[in-house]
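To be precise, the following lines are input27.txt, and they hold compact mmCIF, C-alpha atoms.
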```
# COMPACT_ATOMS: atom_id res chain seq x y z
CA MET A 30 0.00 0.00 0.00
CA MET A 31 1.29 3.45 -0.88
CA LEU A 32 -0.10 6.96 -0.34
CA ILE A 33 1.03 10.01 -2.28
CA LYS A 34 -0.35 13.34 -1.07
CA LEU A 35 -0.30 16.18 -3.59
CA VAL A 36 -1.09 19.79 -2.77
CA ILE A 37 -2.14 21.74 -5.84
CA ASP A 38 -3.01 25.37 -5.08
CA ARG A 39 -5.59 24.93 -2.27
CA LEU A 40 -6.56 21.38 -3.20
CA THR A 41 -5.13 18.31 -1.49
CA VAL A 42 -5.26 15.10 -3.51
CA ASN A 43 -4.47 11.71 -1.97
CA VAL A 44 -3.52 8.96 -4.41
CA VAL A 45 -3.49 5.48 -2.88
CA SER A 46 -2.09 2.44 -4.63
CA ALA A 47 -3.25 -0.75 -2.94
CA TYR A 48 -2.68 -4.41 -3.67
CA ALA A 49 -4.83 -6.79 -1.65
CA PRO A 50 -3.63 -10.27 -0.68
CA HIS A 51 -4.57 -12.89 -3.25
CA VAL A 52 -7.17 -15.61 -2.83
CA GLY A 53 -4.77 -18.31 -1.62
CA LEU A 54 -3.51 -16.39 1.41
CA ASP A 55 -4.65 -16.78 5.01
CA GLU A 56 -7.80 -14.91 6.10
CA GLU A 57 -5.80 -13.15 8.83
CA VAL A 58 -3.52 -11.59 6.19
CA LYS A 59 -6.59 -10.34 4.30
CA ARG A 60 -8.17 -8.94 7.48
CA LEU A 61 -4.97 -7.04 8.29
CA PHE A 62 -4.87 -5.57 4.77
CA TRP A 63 -8.42 -4.19 5.13
CA GLU A 64 -7.63 -2.84 8.60
CA ASP A 65 -4.53 -1.07 7.26
CA LEU A 66 -6.46 0.43 4.34
CA ASP A 67 -9.24 1.45 6.72
CA GLU A 68 -6.74 3.23 8.98
CA LEU A 69 -5.09 4.97 6.02
CA VAL A 70 -8.40 6.29 4.67
CA ARG A 71 -9.60 7.40 8.12
CA GLY A 72 -6.47 9.57 8.29
CA ILE A 73 -7.49 11.55 5.20
CA LEU A 74 -9.57 14.66 5.86
CA SER A 75 -13.07 14.70 4.36
CA THR A 76 -12.21 17.96 2.59
CA GLU A 77 -9.40 16.25 0.64
CA LYS A 78 -9.75 14.31 -2.60
CA ILE A 79 -8.98 10.62 -2.56
CA PHE A 80 -8.27 8.24 -5.42
CA ILE A 81 -7.67 4.59 -4.53
CA GLY A 82 -6.54 2.35 -7.33
CA GLY A 83 -5.05 -1.07 -7.55
CA ASP A 84 -5.44 -4.79 -7.57
CA LEU A 85 -7.99 -5.36 -4.81
CA ASN A 86 -8.35 -9.09 -5.55
CA GLY A 87 -12.11 -9.23 -5.21
CA HIS A 88 -14.89 -9.89 -7.68
CA ILE A 89 -17.73 -7.39 -7.24
CA GLY A 90 -19.96 -9.16 -9.76
CA THR A 91 -22.03 -7.91 -12.67
CA THR A 92 -24.87 -6.40 -10.64
CA SER A 93 -25.06 -4.04 -7.70
CA ASN A 94 -27.35 -6.24 -5.51
CA ASN A 95 -27.85 -4.10 -2.36
CA PHE A 96 -24.88 -1.88 -3.19
CA ASP A 97 -26.60 0.46 -5.66
CA ASP A 98 -24.98 3.55 -4.15
CA VAL A 99 -21.40 2.25 -4.58
CA HIS A 100 -21.57 -0.25 -7.49
CA GLY A 101 -22.51 1.28 -10.82
CA GLY A 102 -24.11 -1.93 -12.10
CA PHE A 103 -21.51 -2.71 -14.76
CA GLY A 104 -19.15 -5.21 -13.17
CA PHE A 105 -17.87 -8.56 -14.37
CA GLY A 106 -18.37 -12.14 -13.19
CA GLU A 107 -19.79 -13.32 -9.90
CA ARG A 108 -19.24 -11.67 -6.53
CA ASN A 109 -16.94 -13.48 -4.11
CA GLY A 110 -15.84 -12.90 -0.51
CA GLY A 111 -13.12 -10.47 -1.54
CA GLY A 112 -15.62 -8.51 -3.61
CA ALA A 113 -18.05 -8.40 -0.69
CA SER A 114 -15.26 -7.04 1.55
CA LEU A 115 -14.43 -4.41 -1.07
CA LEU A 116 -18.06 -3.35 -1.40
CA GLU A 117 -18.47 -3.08 2.40
CA PHE A 118 -15.29 -0.99 2.62
CA VAL A 119 -16.45 1.32 -0.18
CA LYS A 120 -19.88 1.70 1.44
CA ASP A 121 -18.37 2.45 4.88
CA PHE A 122 -16.28 5.30 3.48
CA GLU A 123 -18.95 6.65 1.09
CA LEU A 124 -16.82 5.87 -1.94
CA VAL A 125 -17.86 4.57 -5.34
CA ILE A 126 -16.24 1.96 -7.59
CA THR A 127 -15.99 4.19 -10.65
CA ASN A 128 -15.04 1.55 -13.18
CA SER A 129 -18.36 -0.20 -12.44
CA CYS A 130 -20.22 2.91 -13.59
CA PHE A 131 -19.57 2.63 -17.32
CA LEU A 132 -20.98 0.11 -19.76
CA LYS A 133 -18.12 -1.80 -21.42
CA ARG A 134 -17.71 -4.96 -23.44
CA GLY A 135 -16.66 -7.99 -21.38
CA ASN A 136 -13.08 -7.98 -22.64
CA GLN A 137 -12.76 -4.33 -21.55
CA LEU A 138 -13.80 -5.23 -17.99
CA VAL A 139 -11.34 -8.09 -17.56
CA THR A 140 -8.21 -6.97 -15.71
CA PHE A 141 -6.66 -10.41 -15.16
CA SER A 142 -6.68 -13.27 -17.60
CA SER A 143 -5.03 -16.68 -17.48
CA MET A 144 -5.60 -20.15 -18.95
CA VAL A 145 -7.92 -20.83 -15.99
CA ALA A 146 -9.82 -17.60 -15.37
CA ARG A 147 -10.87 -14.18 -16.61
CA THR A 148 -11.63 -11.72 -13.83
CA GLN A 149 -11.97 -8.08 -12.90
CA ILE A 150 -9.83 -7.34 -9.85
CA ASN A 151 -8.45 -3.84 -10.53
CA TYR A 152 -10.60 -0.94 -9.39
CA LEU A 153 -10.62 2.83 -9.03
CA LEU A 154 -12.38 4.21 -5.96
CA LEU A 155 -13.37 7.83 -5.39
CA ARG A 156 -15.58 9.71 -2.95
CA LYS A 157 -19.18 9.68 -4.16
CA ASP A 158 -19.17 13.48 -4.43
CA ASP A 159 -16.17 13.30 -6.78
CA ARG A 160 -17.71 10.71 -9.10
CA GLY A 161 -18.02 13.33 -11.85
CA LEU A 162 -14.23 13.63 -11.99
CA CYS A 163 -14.02 10.18 -13.55
CA LYS A 164 -14.86 10.01 -17.23
CA ASP A 165 -15.53 6.92 -19.34
```

How does this structure look as structure tokens?
Amino acid sequence: MMLIKLVIDRLTVNVVSAYAPHVGLDEEVKRLFWEDLDELVRGILSTEKIFIGGDLNGHIGTTSNNFDDVHGGFGFGERNGGGASLLEFVKDFELVITNSCFLKRGNQLVTFSSMVARTQINYLLLRKDDRGLCKD
């Protein structure tokens, strides 16, 4: 996890690069990652901009199902435990998963592909109020 804080005129922008533990790792390692990210975001003032991007190793699924305010309805695949954790985190901090807000072809949504799987695990998160800063 990495945080870069930029001050541009009177605007403070926080850019976070985060890489969640992968599926095969222990649940304790995953819990600690989410606690660390939680602590980092809590330390950012509500008046500052925040952009979180990275490989969050969760599948949020194609539909918003009870997460309409944070999931734009254009995801990929089926939701898993990592995706549920991501959605809960985003909801808790009043963020939005911006790359779920734009209709794309399936191959444009896939961010990891192998012989075994095609998934969407890379996301860009912003505060809901800043959603308009992200363009398709």

- request: Fewer than 3 positions away in the same chain doesn't count, so skip those; otherwise give me all residues within 10 Å of Thr76 (chain A), counting only C-alpha atoms, as a list in words.
  value: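 Contacts, in chain order: Leu40, Thr41, Val42, Ile73 and Ile79 of chain A.
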
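Here the question is which of A:Val70, A:Ile150, A:Ala113, A:Met31 gets nearest to Ser93 (chain A) using all atoms listed in the file, and that residue is A:Ala113.
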
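The closest residue to Leu162 (chain A), picked from A:Val125, A:Leu61, A:Leu69, A:Met144 and counting only C-alpha atoms, is A:Val125.
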
Min atom-atom distance to Val44 (chain A) from the set A:Lys157, A:Lys59, A:Lys78, A:His100, counting all atoms listed in the file, belongs to A:Lys78

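Minimum atom-to-atom distance to Gly111 (chain A), evaluated using all atoms listed in the file, belongs to A:Asn86 out of A:Ser46, A:Asn151, A:Asn86, A:Ser143.
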
Correct to one decimal, the distance CA of Gln149 (chain A)-CA of Gly90 (chain A) is 8.7 Å

Would you list the contacts of Asn43 (chain A) as a PDB file with C-alpha atoms, keeping the file's coordinate frame, taking every protein, DNA or RNA residue within 9 Å and counting all atoms listed in the file, but skipping same-chain residues closer than 3 positions in sequence?
```pdb
ATOM      1  CA  LEU A  32      -0.100   6.960  -0.340  1.00  0.00           C
ATOM      2  CA  ILE A  33       1.030  10.010  -2.280  1.00  0.00           C
ATOM      3  CA  LYS A  34      -0.350  13.340  -1.070  1.00  0.00           C
ATOM      4  CA  LEU A  35      -0.300  16.180  -3.590  1.00  0.00           C
ATOM      5  CA  VAL A  36      -1.090  19.790  -2.770  1.00  0.00           C
ATOM      6  CA  ILE A  73      -7.490  11.550   5.200  1.00  0.00           C
ATOM      7  CA  GLU A  77      -9.400  16.250   0.640  1.00  0.00           C
ATOM      8  CA  LYS A  78      -9.750  14.310  -2.600  1.00  0.00           C
ATOM      9  CA  ILE A  79      -8.980  10.620  -2.560  1.00  0.00           C
ATOM     10  CA  PHE A  80      -8.270   8.240  -5.420  1.00  0.00           C
ATOM     11  CA  ILE A  81      -7.670   4.590  -4.530  1.00  0.00           C
TER      12      ILE A  81
END
```

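Nearest residue to Asp121 (chain A), choosing from A:Cys163, A:Leu74, A:Val99, A:Ile37 and counting all atoms listed in the file: A:Val99.
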
Next on the checklist: Could you list, as an MDAnalysis selection string, every residue within 10 Å of Gly135 (chain A), counting all atoms listed in the file and ignoring same-chain residues fewer than 4 positions away?
Outcome noted: chainID A and resid 103:106 139 147:149

What would the file be for region 93-104 of chain A if you keep all heavy atoms and write it as a compact mmCIF listing (two decimals), in the first residue's frame?
```
# COMPACT_ATOMS: atom_id res chain seq x y z
N SER A 93 -25.30 -4.76 -8.94
CA SER A 93 -25.06 -4.04 -7.70
C SER A 93 -25.66 -4.73 -6.47
O SER A 93 -25.15 -4.54 -5.37
CB SER A 93 -25.59 -2.61 -7.81
OG SER A 93 -26.95 -2.61 -8.15
N ASN A 94 -26.72 -5.50 -6.62
CA ASN A 94 -27.35 -6.24 -5.51
C ASN A 94 -27.09 -5.65 -4.13
O ASN A 94 -26.14 -6.02 -3.45
CB ASN A 94 -26.90 -7.70 -5.49
CG ASN A 94 -27.40 -8.48 -6.67
OD1 ASN A 94 -28.17 -7.96 -7.47
ND2 ASN A 94 -26.96 -9.71 -6.79
N ASN A 95 -27.93 -4.73 -3.69
CA ASN A 95 -27.85 -4.10 -2.36
C ASN A 95 -26.69 -3.13 -2.19
O ASN A 95 -26.44 -2.66 -1.09
CB ASN A 95 -27.82 -5.15 -1.24
CG ASN A 95 -29.03 -6.05 -1.26
OD1 ASN A 95 -30.15 -5.60 -1.54
ND2 ASN A 95 -28.83 -7.33 -1.00
N PHE A 96 -25.98 -2.84 -3.25
CA PHE A 96 -24.88 -1.88 -3.19
C PHE A 96 -25.05 -0.83 -4.29
O PHE A 96 -24.07 -0.36 -4.88
CB PHE A 96 -23.52 -2.59 -3.33
CG PHE A 96 -23.15 -3.41 -2.14
CD1 PHE A 96 -23.39 -4.79 -2.13
CD2 PHE A 96 -22.59 -2.83 -1.02
CE1 PHE A 96 -23.06 -5.56 -1.03
CE2 PHE A 96 -22.26 -3.60 0.10
CZ PHE A 96 -22.49 -4.96 0.09
N ASP A 97 -26.29 -0.45 -4.57
CA ASP A 97 -26.60 0.46 -5.66
C ASP A 97 -25.86 1.80 -5.55
O ASP A 97 -25.55 2.42 -6.56
CB ASP A 97 -28.11 0.74 -5.73
CG ASP A 97 -28.91 -0.52 -6.02
OD1 ASP A 97 -28.37 -1.43 -6.67
OD2 ASP A 97 -30.07 -0.58 -5.60
N ASP A 98 -25.60 2.24 -4.33
CA ASP A 98 -24.98 3.55 -4.15
C ASP A 98 -23.46 3.52 -4.34
O ASP A 98 -22.84 4.57 -4.44
CB ASP A 98 -25.32 4.11 -2.77
CG ASP A 98 -24.97 3.16 -1.62
OD1 ASP A 98 -24.93 1.93 -1.84
OD2 ASP A 98 -24.74 3.65 -0.51
N VAL A 99 -22.86 2.33 -4.43
CA VAL A 99 -21.40 2.25 -4.58
C VAL A 99 -20.95 1.44 -5.79
O VAL A 99 -19.82 1.56 -6.24
CB VAL A 99 -20.72 1.67 -3.30
CG1 VAL A 99 -21.00 2.56 -2.11
CG2 VAL A 99 -21.14 0.25 -3.03
N HIS A 100 -21.84 0.62 -6.33
CA HIS A 100 -21.57 -0.25 -7.49
C HIS A 100 -22.42 0.28 -8.63
O HIS A 100 -23.64 0.34 -8.52
CB HIS A 100 -21.94 -1.68 -7.13
CG HIS A 100 -21.64 -2.72 -8.19
ND1 HIS A 100 -22.06 -2.62 -9.49
CD2 HIS A 100 -20.97 -3.89 -8.09
CE1 HIS A 100 -21.66 -3.69 -10.17
NE2 HIS A 100 -21.00 -4.49 -9.33
N GLY A 101 -21.79 0.67 -9.71
CA GLY A 101 -22.51 1.28 -10.82
C GLY A 101 -23.36 0.33 -11.65
O GLY A 101 -24.10 0.76 -12.53
N GLY A 102 -23.29 -0.97 -11.38
CA GLY A 102 -24.11 -1.93 -12.10
C GLY A 102 -23.47 -2.53 -13.32
O GLY A 102 -24.09 -3.31 -14.04
N PHE A 103 -22.20 -2.19 -13.58
CA PHE A 103 -21.51 -2.71 -14.76
C PHE A 103 -20.21 -3.40 -14.36
O PHE A 103 -19.13 -3.01 -14.77
CB PHE A 103 -21.21 -1.58 -15.75
CG PHE A 103 -22.44 -0.90 -16.27
CD1 PHE A 103 -22.72 0.41 -15.91
CD2 PHE A 103 -23.32 -1.56 -17.10
CE1 PHE A 103 -23.86 1.05 -16.39
CE2 PHE A 103 -24.46 -0.94 -17.58
CZ PHE A 103 -24.73 0.37 -17.21
N GLY A 104 -20.32 -4.44 -13.57
CA GLY A 104 -19.15 -5.21 -13.17
C GLY A 104 -18.98 -6.43 -14.06
O GLY A 104 -19.60 -6.55 -15.12
```
